[in-house]
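Trainee: I am sharing upload.cif, which consists of mmCIF, C-alpha atoms:
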data_start
loop_
_atom_site.label_atom_id
_atom_site.label_comp_id
_atom_site.auth_asym_id
_atom_site.auth_seq_id
_atom_site.Cartn_x
_atom_site.Cartn_y
_atom_site.Cartn_z
CA MET Q 10 -54.04 -79.58 -146.48
CA ASN Q 11 -52.17 -77.88 -143.63
CA LYS Q 12 -48.69 -76.70 -144.75
CA LYS Q 13 -45.72 -76.23 -142.41
CA ASN Q 14 -41.97 -75.77 -142.81
CA VAL Q 15 -41.18 -78.09 -139.91
CA ILE Q 16 -43.33 -80.67 -138.17
CA ILE Q 17 -42.17 -82.14 -134.89
CA MET Q 18 -43.76 -85.38 -133.82
CA GLY Q 19 -43.96 -85.70 -130.04
CA GLY Q 20 -44.74 -83.07 -127.42
CA GLY Q 21 -42.20 -84.24 -124.87
CA ALA Q 22 -38.86 -82.84 -123.71
CA ALA Q 23 -36.98 -83.44 -126.97
CA GLY Q 24 -39.86 -82.21 -129.14
CA PHE Q 25 -40.33 -78.93 -127.29
CA PHE Q 26 -36.63 -78.19 -126.98
CA THR Q 27 -36.15 -78.74 -130.73
CA ALA Q 28 -39.22 -76.68 -131.69
CA ILE Q 29 -38.34 -73.72 -129.48
CA ASN Q 30 -34.75 -73.57 -130.73
CA ILE Q 31 -35.79 -73.80 -134.40
CA ALA Q 32 -38.43 -71.06 -134.05
CA GLU Q 33 -36.09 -68.82 -132.10
CA GLN Q 34 -33.15 -69.24 -134.51
CA ASN Q 35 -35.31 -68.77 -137.62
CA PRO Q 36 -38.58 -66.86 -136.96
CA ASN Q 37 -39.60 -67.22 -140.63
CA LEU Q 38 -40.23 -70.96 -140.30
CA LYS Q 39 -43.71 -72.27 -139.50
CA VAL Q 40 -43.14 -74.86 -136.77
CA ALA Q 41 -45.78 -77.22 -135.37
CA ILE Q 42 -45.68 -79.94 -132.71
CA LEU Q 43 -48.02 -82.91 -133.16
CA GLU Q 44 -48.81 -84.60 -129.84
CA ARG Q 45 -50.96 -87.73 -129.83
CA GLY Q 46 -52.12 -87.27 -126.21
CA LYS Q 47 -54.31 -84.64 -124.61
CA GLU Q 48 -51.37 -83.19 -122.64
CA VAL Q 49 -47.76 -82.32 -123.41
CA LEU Q 50 -44.57 -82.87 -121.37
CA THR Q 51 -46.10 -85.64 -119.23
CA LYS Q 52 -42.76 -87.40 -118.67
CA VAL Q 53 -41.10 -84.14 -117.68
CA LYS Q 54 -43.83 -83.70 -115.06
CA VAL Q 55 -43.08 -86.99 -113.24
CA SER Q 56 -39.31 -87.04 -113.78
CA GLY Q 57 -37.14 -86.95 -110.67
CA GLY Q 58 -40.11 -87.49 -108.37
CA GLY Q 59 -41.90 -84.44 -109.79
CA ARG Q 60 -38.83 -82.20 -109.50
CA CYS Q 61 -37.45 -82.83 -113.03
CA ASN Q 62 -33.85 -84.01 -113.07
CA VAL Q 63 -32.82 -81.65 -115.91
CA THR Q 64 -29.21 -82.80 -116.38
CA HIS Q 65 -26.11 -84.00 -114.52
CA ALA Q 66 -23.13 -81.99 -113.28
CA GLU Q 67 -20.58 -83.76 -115.49
CA PHE Q 68 -18.69 -81.32 -117.70
CA VAL Q 69 -16.25 -83.55 -119.60
CA PRO Q 70 -17.79 -85.09 -122.76
CA GLN Q 71 -15.75 -88.33 -122.49
CA GLU Q 72 -16.89 -88.84 -118.90
CA LEU Q 73 -20.50 -87.96 -119.69
CA THR Q 74 -20.73 -90.54 -122.50
CA LYS Q 75 -19.86 -93.35 -120.04
CA ASN Q 76 -23.41 -93.06 -118.68
CA TYR Q 77 -24.96 -94.28 -121.94
CA PRO Q 78 -25.04 -98.08 -122.34
CA ARG Q 79 -26.23 -97.47 -125.89
CA GLY Q 80 -24.96 -94.28 -127.56
CA GLU Q 81 -21.63 -93.85 -125.78
CA LYS Q 82 -19.54 -93.67 -128.96
CA GLU Q 83 -22.09 -91.74 -131.03
CA LEU Q 84 -22.72 -88.96 -128.48
CA LEU Q 85 -19.10 -87.90 -128.04
CA GLY Q 86 -19.14 -85.51 -131.03
CA PRO Q 87 -22.58 -84.05 -130.24
CA PHE Q 88 -21.56 -83.42 -126.60
CA HIS Q 89 -18.68 -81.31 -127.88
CA GLN Q 90 -21.32 -79.15 -129.63
CA PHE Q 91 -23.93 -78.85 -126.85
CA MET Q 92 -22.98 -79.94 -123.35
CA THR Q 93 -24.32 -79.79 -119.80
CA GLY Q 94 -22.89 -76.27 -119.36
CA ASP Q 95 -24.87 -75.15 -122.42
CA THR Q 96 -28.02 -76.69 -120.93
CA ILE Q 97 -27.55 -74.76 -117.68
CA GLU Q 98 -26.95 -71.51 -119.60
CA TRP Q 99 -29.98 -72.12 -121.87
CA PHE Q 100 -32.34 -72.45 -118.91
CA GLU Q 101 -30.77 -69.60 -116.92
CA LYS Q 102 -31.17 -67.22 -119.88
CA ARG Q 103 -34.87 -68.02 -119.74
CA GLY Q 104 -35.17 -67.41 -116.01
CA VAL Q 105 -34.81 -70.99 -114.76
CA ALA Q 106 -31.95 -71.41 -112.29
CA LEU Q 107 -30.66 -74.94 -111.72
CA LYS Q 108 -28.91 -76.38 -108.65
CA ILE Q 109 -26.54 -79.30 -108.20
CA GLU Q 110 -27.29 -81.95 -105.57
CA GLU Q 111 -24.68 -84.05 -103.78
CA ASP Q 112 -24.93 -86.94 -106.22
CA GLY Q 113 -24.44 -84.64 -109.22
CA ARG Q 114 -28.08 -84.54 -110.32
CA MET Q 115 -29.35 -81.11 -111.33
CA PHE Q 116 -32.84 -79.76 -110.62
CA PRO Q 117 -34.58 -76.42 -110.94
CA VAL Q 118 -34.01 -74.35 -107.79
CA SER Q 119 -37.81 -74.24 -107.44
CA ASN Q 120 -37.79 -78.04 -106.85
CA THR Q 121 -40.76 -78.55 -109.15
CA SER Q 122 -40.97 -79.85 -112.72
CA GLN Q 123 -43.74 -77.32 -113.37
CA THR Q 124 -41.01 -74.65 -113.68
CA ILE Q 125 -39.54 -76.49 -116.68
CA ILE Q 126 -42.98 -77.11 -118.21
CA ASP Q 127 -43.95 -73.43 -117.82
CA CYS Q 128 -40.65 -72.35 -119.36
CA PHE Q 129 -41.24 -74.56 -122.43
CA LEU Q 130 -44.88 -73.53 -122.86
CA ASN Q 131 -44.00 -69.82 -122.57
CA GLU Q 132 -41.08 -70.08 -125.00
CA ALA Q 133 -43.16 -72.04 -127.51
CA GLN Q 134 -45.90 -69.42 -127.38
CA LYS Q 135 -43.44 -66.54 -127.54
CA HIS Q 136 -41.80 -67.92 -130.70
CA GLY Q 137 -45.03 -68.91 -132.43
CA VAL Q 138 -44.72 -72.69 -132.19
CA GLU Q 139 -48.10 -74.27 -132.86
CA VAL Q 140 -48.89 -77.10 -130.40
CA LEU Q 141 -51.56 -79.52 -131.65
CA LEU Q 142 -52.96 -82.00 -129.12
CA ASN Q 143 -54.78 -85.28 -129.87
CA HIS Q 144 -52.98 -85.52 -133.22
CA SER Q 145 -51.98 -89.16 -133.53
CA VAL Q 146 -49.81 -89.77 -136.61
CA LYS Q 147 -51.26 -92.50 -138.85
CA SER Q 148 -48.86 -92.42 -141.81
CA ILE Q 149 -45.78 -90.61 -143.15
CA GLU Q 150 -44.96 -90.55 -146.86
CA LYS Q 151 -42.44 -88.56 -148.82
CA GLN Q 152 -43.28 -87.32 -152.33
CA HIS Q 153 -41.27 -84.82 -154.38
CA GLN Q 154 -39.19 -83.63 -151.41
CA VAL Q 155 -42.28 -83.04 -149.26
CA PHE Q 156 -43.54 -85.14 -146.36
CA GLN Q 157 -47.22 -85.98 -146.34
CA ILE Q 158 -48.45 -86.76 -142.83
CA GLU Q 159 -51.87 -88.21 -142.05
CA THR Q 160 -53.08 -87.72 -138.47
CA SER Q 161 -56.25 -88.55 -136.55
CA GLN Q 162 -57.27 -84.92 -137.17
CA GLY Q 163 -56.37 -84.28 -140.80
CA ALA Q 164 -53.37 -84.16 -143.11
CA PHE Q 165 -50.22 -82.02 -143.12
CA LEU Q 166 -47.49 -81.20 -145.62
CA SER Q 167 -44.01 -80.32 -144.40
CA GLN Q 168 -40.54 -79.87 -145.87
CA LYS Q 169 -38.81 -81.19 -142.77
CA VAL Q 170 -39.85 -83.63 -140.05
CA VAL Q 171 -38.37 -84.22 -136.61
CA VAL Q 172 -39.35 -87.42 -134.80
CA ALA Q 173 -39.18 -87.00 -131.01
CA THR Q 174 -41.76 -89.55 -129.92
CA GLY Q 175 -39.63 -91.44 -127.38
CA SER Q 176 -40.16 -95.18 -127.08
CA ASN Q 177 -43.28 -95.45 -129.21
CA PRO Q 178 -43.75 -98.80 -131.03
CA LYS Q 179 -46.32 -97.35 -133.45
CA MET Q 180 -43.89 -94.67 -134.58
CA TRP Q 181 -41.08 -97.22 -134.91
CA LYS Q 182 -43.37 -99.21 -137.22
CA LEU Q 183 -43.93 -96.12 -139.43
CA LEU Q 184 -40.17 -95.44 -139.50
CA GLU Q 185 -39.53 -99.03 -140.64
CA GLY Q 186 -41.88 -98.23 -143.53
CA LEU Q 187 -39.51 -95.37 -144.48
CA GLY Q 188 -36.56 -97.77 -144.58
CA HIS Q 189 -35.19 -97.51 -141.03
CA THR Q 190 -34.06 -100.45 -138.92
CA ILE Q 191 -35.39 -100.67 -135.35
CA SER Q 192 -33.31 -102.34 -132.62
CA GLN Q 193 -35.65 -104.57 -130.62
CA PRO Q 194 -36.84 -102.60 -127.57
CA VAL Q 195 -36.21 -104.10 -124.11
CA PRO Q 196 -36.55 -102.52 -120.64
CA SER Q 197 -33.56 -100.76 -119.12
CA LEU Q 198 -33.27 -99.34 -115.58
CA PHE Q 199 -35.15 -101.86 -113.47
CA THR Q 200 -34.74 -103.39 -110.02
CA PHE Q 201 -34.17 -107.08 -109.27
CA ASN Q 202 -36.80 -109.35 -107.73
CA ILE Q 203 -35.13 -111.63 -105.16
CA THR Q 204 -36.74 -113.85 -102.54
CA ASP Q 205 -34.08 -114.82 -100.00
CA GLU Q 206 -34.01 -115.29 -96.21
CA ARG Q 207 -30.88 -113.14 -95.96
CA ILE Q 208 -32.76 -110.01 -97.09
CA LYS Q 209 -36.32 -110.96 -96.13
CA ASP Q 210 -37.11 -108.67 -93.21
CA ILE Q 211 -34.76 -105.76 -93.80
CA PRO Q 212 -36.22 -103.46 -96.51
CA GLY Q 213 -34.65 -100.01 -96.43
CA VAL Q 214 -31.19 -101.27 -95.45
CA VAL Q 215 -28.41 -99.77 -97.60
CA ALA Q 216 -24.97 -101.28 -98.13
CA LEU Q 217 -22.94 -98.25 -99.15
CA HIS Q 218 -20.42 -99.75 -101.50
CA VAL Q 219 -20.75 -103.22 -102.94
CA GLU Q 220 -19.42 -104.99 -106.02
CA ILE Q 221 -21.87 -107.13 -108.00
CA LYS Q 222 -21.29 -109.63 -110.79
CA VAL Q 223 -23.87 -111.38 -112.93
CA LEU Q 224 -22.60 -114.96 -113.01
CA ASP Q 225 -21.83 -116.47 -116.45
CA THR Q 226 -21.51 -112.99 -118.04
CA ASN Q 227 -18.99 -110.12 -118.13
CA LEU Q 228 -21.47 -107.81 -116.40
CA TRP Q 229 -20.43 -106.18 -113.15
CA SER Q 230 -20.98 -102.92 -111.29
CA GLU Q 231 -20.28 -101.20 -108.00
CA GLY Q 232 -21.97 -98.63 -105.81
CA PRO Q 233 -24.72 -98.39 -103.18
CA LEU Q 234 -27.18 -101.27 -102.84
CA LEU Q 235 -30.68 -100.89 -101.38
CA ILE Q 236 -32.66 -103.84 -100.03
CA THR Q 237 -36.35 -103.49 -100.88
CA HIS Q 238 -39.59 -105.37 -100.14
CA TRP Q 239 -39.23 -107.22 -103.45
CA GLY Q 240 -35.45 -107.57 -103.75
CA MET Q 241 -32.66 -105.12 -104.53
CA SER Q 242 -32.35 -101.63 -106.05
CA ALA Q 243 -30.11 -98.48 -106.00
CA PRO Q 244 -27.28 -97.51 -108.37
CA ALA Q 245 -25.30 -100.77 -108.19
CA ILE Q 246 -28.37 -102.66 -109.47
CA LEU Q 247 -29.66 -100.00 -111.87
CA LYS Q 248 -26.26 -99.82 -113.59
CA LEU Q 249 -26.33 -103.59 -114.12
CA SER Q 250 -29.87 -103.42 -115.47
CA ALA Q 251 -28.94 -100.69 -117.97
CA PHE Q 252 -25.65 -102.08 -119.22
CA GLY Q 253 -27.06 -105.62 -119.14
CA ALA Q 254 -30.46 -104.74 -120.67
CA LEU Q 255 -30.07 -106.98 -123.74
CA GLU Q 256 -28.28 -109.84 -121.98
CA LEU Q 257 -30.73 -109.99 -119.04
CA ALA Q 258 -33.75 -109.85 -121.38
CA LYS Q 259 -32.31 -112.88 -123.22
CA ARG Q 260 -32.28 -114.73 -119.89
CA ASP Q 261 -35.89 -113.76 -119.23
CA TYR Q 262 -34.70 -111.96 -116.07
CA LYS Q 263 -33.69 -115.22 -114.34
CA PHE Q 264 -30.01 -115.30 -113.39
CA LYS Q 265 -27.59 -115.41 -110.45
CA ILE Q 266 -25.65 -112.49 -109.01
CA GLU Q 267 -22.62 -112.61 -106.74
CA ILE Q 268 -22.23 -109.76 -104.26
CA ASN Q 269 -19.11 -108.63 -102.44
CA PHE Q 270 -20.57 -106.55 -99.59
CA ILE Q 271 -17.22 -105.37 -98.19
CA ARG Q 272 -14.98 -105.02 -101.29
CA LYS Q 273 -12.27 -107.25 -99.84
CA THR Q 274 -11.07 -110.58 -101.20
CA PHE Q 275 -12.27 -113.78 -99.53
CA GLU Q 276 -8.72 -114.35 -98.20
CA ASP Q 277 -8.33 -110.85 -96.74
CA CYS Q 278 -11.75 -111.08 -95.15
CA LEU Q 279 -10.88 -114.45 -93.59
CA GLU Q 280 -7.71 -112.98 -92.05
CA VAL Q 281 -9.71 -110.14 -90.47
CA LEU Q 282 -12.29 -112.61 -89.11
CA LYS Q 283 -9.53 -114.77 -87.60
CA SER Q 284 -8.08 -111.81 -85.74
CA LYS Q 285 -11.58 -110.91 -84.48
CA LYS Q 286 -11.98 -114.49 -83.18
CA HIS Q 287 -8.93 -113.74 -81.07
CA ASP Q 288 -9.69 -110.10 -80.12
CA LEU Q 289 -13.43 -110.37 -79.48
CA ALA Q 290 -13.39 -113.94 -78.09
CA LYS Q 291 -16.15 -113.47 -75.48
CA LYS Q 292 -18.50 -111.36 -77.61
CA THR Q 293 -21.22 -112.82 -79.83
CA VAL Q 294 -20.62 -112.64 -83.58
CA PHE Q 295 -24.26 -111.60 -84.07
CA LYS Q 296 -23.77 -108.34 -82.16
CA SER Q 297 -20.32 -107.43 -83.54
CA ALA Q 298 -21.16 -105.92 -86.92
CA SER Q 299 -17.89 -105.28 -88.77
CA PHE Q 300 -16.55 -103.77 -92.02
CA ASP Q 301 -18.96 -100.77 -91.70
CA MET Q 302 -21.83 -103.08 -92.58
CA PRO Q 303 -25.44 -102.26 -91.69
CA LYS Q 304 -26.21 -104.11 -88.47
CA ARG Q 305 -29.32 -105.97 -89.69
CA LEU Q 306 -27.64 -107.16 -92.86
CA TRP Q 307 -24.60 -108.34 -90.88
CA GLN Q 308 -26.87 -110.26 -88.51
CA ASN Q 309 -28.70 -112.00 -91.36
CA LEU Q 310 -25.42 -113.02 -92.98
CA VAL Q 311 -24.17 -114.35 -89.64
CA LEU Q 312 -27.31 -116.52 -89.30
CA ALA Q 313 -26.80 -117.73 -92.88
CA SER Q 314 -23.27 -118.90 -91.95
CA GLU Q 315 -24.50 -121.78 -89.72
CA MET Q 316 -24.38 -119.83 -86.47
CA ASN Q 317 -27.05 -118.58 -84.11
CA ALA Q 318 -27.50 -115.32 -82.21
CA GLU Q 319 -25.58 -116.72 -79.20
CA THR Q 320 -22.48 -117.99 -81.04
CA ARG Q 321 -19.34 -116.36 -79.62
CA TRP Q 322 -16.25 -115.51 -81.65
CA ALA Q 323 -14.17 -117.89 -79.51
CA ASP Q 324 -16.40 -120.84 -80.48
CA LEU Q 325 -16.13 -120.41 -84.24
CA ASN Q 326 -14.67 -123.34 -86.13
CA LYS Q 327 -12.80 -123.11 -89.43
CA GLN Q 328 -15.91 -123.92 -91.47
CA GLN Q 329 -18.01 -121.19 -89.82
CA LEU Q 330 -15.29 -118.58 -90.39
CA GLU Q 331 -15.12 -119.59 -94.05
CA ASN Q 332 -18.91 -119.53 -94.35
CA LEU Q 333 -19.03 -115.99 -93.00
CA ALA Q 334 -16.19 -114.82 -95.27
CA GLN Q 335 -18.10 -116.38 -98.17
CA GLN Q 336 -21.34 -114.54 -97.27
CA LEU Q 337 -19.48 -111.25 -96.97
CA THR Q 338 -17.45 -111.44 -100.18
CA LEU Q 339 -19.03 -114.03 -102.50
CA ALA Q 340 -22.74 -114.12 -101.61
CA VAL Q 341 -24.82 -115.61 -104.42
CA PHE Q 342 -28.48 -114.59 -104.90
CA ASP Q 343 -31.06 -115.86 -107.39
CA VAL Q 344 -32.79 -113.12 -109.36
CA ASN Q 345 -36.24 -114.02 -110.58
CA GLY Q 346 -37.84 -111.16 -112.50
CA LYS Q 347 -37.66 -107.37 -112.47
CA SER Q 348 -39.70 -104.39 -111.27
CA THR Q 349 -39.95 -100.92 -112.79
CA PHE Q 350 -37.76 -98.33 -111.11
CA LYS Q 351 -40.03 -95.53 -109.82
CA ASP Q 352 -41.60 -93.77 -112.83
CA GLU Q 353 -38.48 -94.02 -114.96
CA PHE Q 354 -39.79 -96.06 -117.88
CA VAL Q 355 -36.61 -96.30 -119.91
CA THR Q 356 -36.29 -98.52 -122.95
CA ALA Q 357 -33.18 -99.79 -124.70
CA GLY Q 358 -33.93 -100.01 -128.42
CA GLY Q 359 -35.10 -97.73 -131.19
CA VAL Q 360 -33.86 -96.40 -134.52
CA SER Q 361 -30.50 -97.99 -135.38
CA LEU Q 362 -27.62 -95.60 -134.70
CA LYS Q 363 -25.82 -96.67 -137.89
CA GLU Q 364 -28.57 -94.93 -139.89
CA ILE Q 365 -28.08 -91.48 -138.30
CA ASN Q 366 -25.60 -88.73 -139.14
CA PHE Q 367 -24.57 -87.57 -135.66
CA LYS Q 368 -23.21 -84.24 -136.94
CA THR Q 369 -26.83 -83.22 -137.67
CA PHE Q 370 -29.07 -86.00 -136.22
CA GLU Q 371 -30.49 -86.38 -139.74
CA SER Q 372 -31.50 -89.73 -141.17
CA LYS Q 373 -29.02 -91.27 -143.62
CA GLN Q 374 -31.95 -93.08 -145.29
CA VAL Q 375 -34.39 -90.18 -145.75
CA GLU Q 376 -33.30 -86.60 -146.45
CA ASN Q 377 -34.81 -83.91 -144.16
CA LEU Q 378 -35.97 -86.46 -141.58
CA TYR Q 379 -34.40 -85.80 -138.15
CA PHE Q 380 -34.47 -87.46 -134.74
CA ALA Q 381 -34.13 -86.31 -131.13
CA GLY Q 382 -34.31 -88.13 -127.80
CA GLU Q 383 -35.21 -91.69 -126.95
CA VAL Q 384 -36.78 -92.60 -130.31
CA LEU Q 385 -33.15 -93.48 -131.18
CA ASP Q 386 -31.44 -96.57 -129.78
CA ILE Q 387 -29.87 -94.46 -127.03
CA ASP Q 388 -30.55 -94.84 -123.32
CA ALA Q 389 -28.84 -93.80 -120.14
CA LEU Q 390 -28.44 -94.41 -116.46
CA THR Q 391 -30.72 -92.54 -114.07
CA GLY Q 392 -29.53 -89.06 -113.06
CA GLY Q 393 -30.53 -86.59 -115.78
CA PHE Q 394 -28.60 -88.26 -118.62
CA ASN Q 395 -31.62 -89.14 -120.78
CA PHE Q 396 -32.70 -85.49 -120.69
CA GLN Q 397 -29.20 -84.31 -121.63
CA ASN Q 398 -29.35 -86.57 -124.70
CA ALA Q 399 -32.70 -84.95 -125.60
CA TRP Q 400 -31.35 -81.38 -125.18
CA THR Q 401 -28.17 -82.08 -127.15
CA GLY Q 402 -29.95 -83.83 -130.03
CA GLY Q 403 -32.73 -81.24 -130.14
CA TYR Q 404 -30.30 -78.33 -130.20
CA ILE Q 405 -28.18 -79.79 -133.01
CA VAL Q 406 -31.29 -80.61 -135.06
CA ALA Q 407 -32.53 -77.03 -134.56
CA GLN Q 408 -29.20 -75.55 -135.68
CA ASN Q 409 -29.30 -77.54 -138.91
CA ILE Q 410 -32.96 -76.95 -139.73
CA SER Q 411 -32.95 -73.24 -138.90
CA LYS Q 412 -30.08 -72.62 -141.31
#
Kindly present the structure from the file in structure tokens form.
Mentor:
Amino acid sequence: MNKKNVIIMGGGAAGFFTAINIAEQNPNLKVAILERGKEVLTKVKVSGGGRCNVTHAEFVPQELTKNYPRGEKELLGPFHQFMTGDTIEWFEKRGVALKIEEDGRMFPVSNTSQTIIDCFLNEAQKHGVEVLLNHSVKSIEKQHQVFQIETSQGAFLSQKVVVATGSNPKMWKLLEGLGHTISQPVPSLFTFNITDERIKDIPGVVALHVEIKVLDTNLWSEGPLLITHWGMSAPAILKLSAFGALELAKRDYKFKIEINFIRKTFEDCLEVLKSKKHDLAKKTVFKSASFDMPKRLWQNLVLASEMNAETRWADLNKQQLENLAQQLTLAVFDVNGKSTFKDEFVTAGGVSLKEINFKTFESKQVENLYFAGEVLDIDALTGGFNFQNAWTGGYIVAQNISK
């Protein structure tokens, strides 16, 4: 029987960060990572298009928590203990400089996720962390204050266990066996599938600032909107998909959205259009894109307002003006299904947050059982926030275990 002081389940971002910090803070502890796959840090490798979006340049805990549809309240205390600034300092101390991009996302200066992977592998080796591949956990039992862990390659005994297996249904099943409650997992961060003449031939077009509502719900968001081959994406949509993860799953991803492309009221828009009818009388509506709208999107909305490419402003009747104002400020689209956003497989769901002590990330049900990362019912918007949750949880777990 293989004996350890600490066993960490999961060789991903949260698992490595926790292991390294424990081993560094208390070199006397025997620390091992059990990874079920044949490689470690696979999600880190593909994150941020292979550049690894390490964290986000948001330095106020209250503001940072607003990016977590699930976990906002619970992470406030932990973020006061280990924040984005601490993340930057941690990596810089180990020779990895980070840079901030315009949208606030932070990447290694090297622009490759391999830098982060190499840093973790070197640190783990340096501090004597044992990394065991192809070790799939079959069962976890606790007897006389010691955890007994059966894996596909033998059994282990450990005084403390950290679960950092991300969204892994098999692990959730084992944790239920230990008395934990699992919130039903549903996808978060996805794009909307929409088939509609108004967006049919214009993939790649971006409306810079729109407001979107999901009809018959309280869900709404604002931000850039990207038209894609299959529908709509970009932050305005991804925010809705994250904050609406549970609600939209209930509707089987079939619902209606209303988009205000120009962030003006219907009435204000109508007034502007009426003055254009007067000022641009001889020009065609089709060629007079207004409100800073992308030309091709404007043209499609004009055609959807019962006009053709030759209709002049002077010829518009009341109904056509109202139709156009409607398309610009209250356009309704049918969403029918979702698509995965890039390689960001993010799941809402996991170990119930009520069962965790967020001062230590220890289980309230089972003493000496800890959690870090997405195995908990915490998820975030895209932009480095899921990683920051992993770093913060992992660091706090390490502080408590290494004591």
Trainee: Using the chain letters and numbers from the file, which residues does the PyMOL selection byres ((chain Q and resi 326-335) around 9) grab, as a list in words?
Mentor: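 Output from the PyMOL selection byres ((chain Q and resi 326-335) around 9), applied to this file: Asn269, Thr274, Phe275, Glu276, Asp277, Cys278, Leu279, Leu282, Lys283, Lys286, Leu310, Val311, Ala313, Ser314, Glu315, Met316, Ala323, Asp324, Leu325, Gln336, Leu337, Thr338, Leu339 and Ala340 of chain Q.
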Trainee: List the residues sitting within 7 Å of (-32.3, -105.7, -122.5) in the file's frame, using all atoms listed in the file, as a PyMOL selection string.
Mentor: chain Q and resi 195-197+253-258+357
Trainee: When the PyMOL selection byres ((chain Q and resi 139) around 8) is applied to the file above, which residues end up in the set, as a count of residues only?
Mentor: 9
Trainee: Do you know which residues the PyMOL selection byres ((chain Q and resi 168-182) around 9) returns on this file, as a ChimeraX atom specification?
Mentor: /Q:12-25,27,44,146-147,154-156,166-167,183-186,189-191,194,355-360,371,376-385,399,403,406,410
Trainee: Between CA of Gln408 (chain Q) and CA of Glu48 (chain Q), what is the spacing in Å?
Mentor: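 According to the coordinates, CA of Glu48 (chain Q) and CA of Gln408 (chain Q) are separated by 26.8 Å.
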Trainee: When you count only C-alpha atoms, which of these residues is closest to Thr401 (chain Q): Q:Lys368, Q:Val281, Q:Asn202, Q:Ile211?
Mentor: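 Result for the nearest residue to Thr401 (chain Q): Q:Lys368.
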Trainee: Identify, on the basis of all atoms listed in the file, every residue whose closest approach to Glu72 (chain Q) does not exceed 12 Å; exclude the query and any residue fewer than 6 positions from it along the same chain; express the result as a list in words.
Mentor: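 After dropping sequence-adjacent residues, the list is His65, Ala66, Glu81, Lys82, Leu84, Leu85, Phe88, His89, Met92, Thr93 and Phe394 of chain Q.
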Trainee: Considering only C-alpha atoms, state which residue in the set Q:Gln152, Q:Thr64, Q:Ser250, Q:Thr293 is at the smallest distance from Tyr262 (chain Q).
Mentor: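 Of Q:Gln152, Q:Thr64, Q:Ser250, Q:Thr293, the one nearest Tyr262 (chain Q) is Q:Ser250, counting only C-alpha atoms.
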Trainee: So that I can see what lies close to Ile125 (chain Q), please list as number ranges by chain the residues with an atom at most 9 Å from it, counting only C-alpha atoms and leaving out residues fewer than 4 positions away in the same chain.
Mentor: Q: 53-54, 61, 63, 100, 105, 117, 121, 129-130
Trainee: For Ser230 (chain Q), find every residue with an atom within 6 Å (counting all atoms listed in the file), except residues of its own chain fewer than 3 positions away, and show them as a list in words.
Mentor: Glu220, Ile221 and Ala245 of chain Q
Trainee: Within 10 Å of Val118 (chain Q), counting all atoms listed in the file, which residues qualify if same-chain residues fewer than 5 places away don't, as a ChimeraX atom specification?
Mentor: /Q:60,105-109,124
Trainee: Just the number, please: distance in Å from CA of Ser361 (chain Q) to CA of Ser192 (chain Q), one decimal.
Mentor: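 Separation of CA of Ser361 (chain Q) and CA of Ser192 (chain Q): 5.9 Å.
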Trainee: Could you give me the centre and size, in Å to one decimal, of an axis-aligned box around all listed atoms of region 174-189 of chain Q with 3 Å added on every side, as lines of an AutoDock Vina configuration file?
Mentor:
center_x = -40.8
center_y = -94.4
center_z = -135.8
size_x = 17.1
size_y = 15.7
size_z = 23.5
Trainee: At a cut-off of 10 Å from (-23.3, -93.2, -127.4) in the coordinates of the file, what residues are picked up using only C-alpha atoms, written as a PyMOL selection string?
Mentor: chain Q and resi 73-88+362+386-389+398
Trainee: One decimal, in Å: what's the spacing between CA of Glu150 (chain Q) and CA of Ala164 (chain Q)?
Mentor: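 Between these atoms lies a distance of 11.2 Å.
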Trainee: Which of these residues is nearest to Arg260 (chain Q), using only C-alpha atoms: Q:Lys347, Q:Lys373, Q:Arg103, Q:Lys248?
Mentor: Q:Lys347
Trainee: With all atoms listed in the file as the atoms that count, which of Q:Lys304, Q:Lys412, Q:Arg45, Q:Lys363 lies nearest to Thr160 (chain Q)?
Mentor: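 Using all atoms listed in the file, Thr160 (chain Q) sits closest to Q:Arg45.
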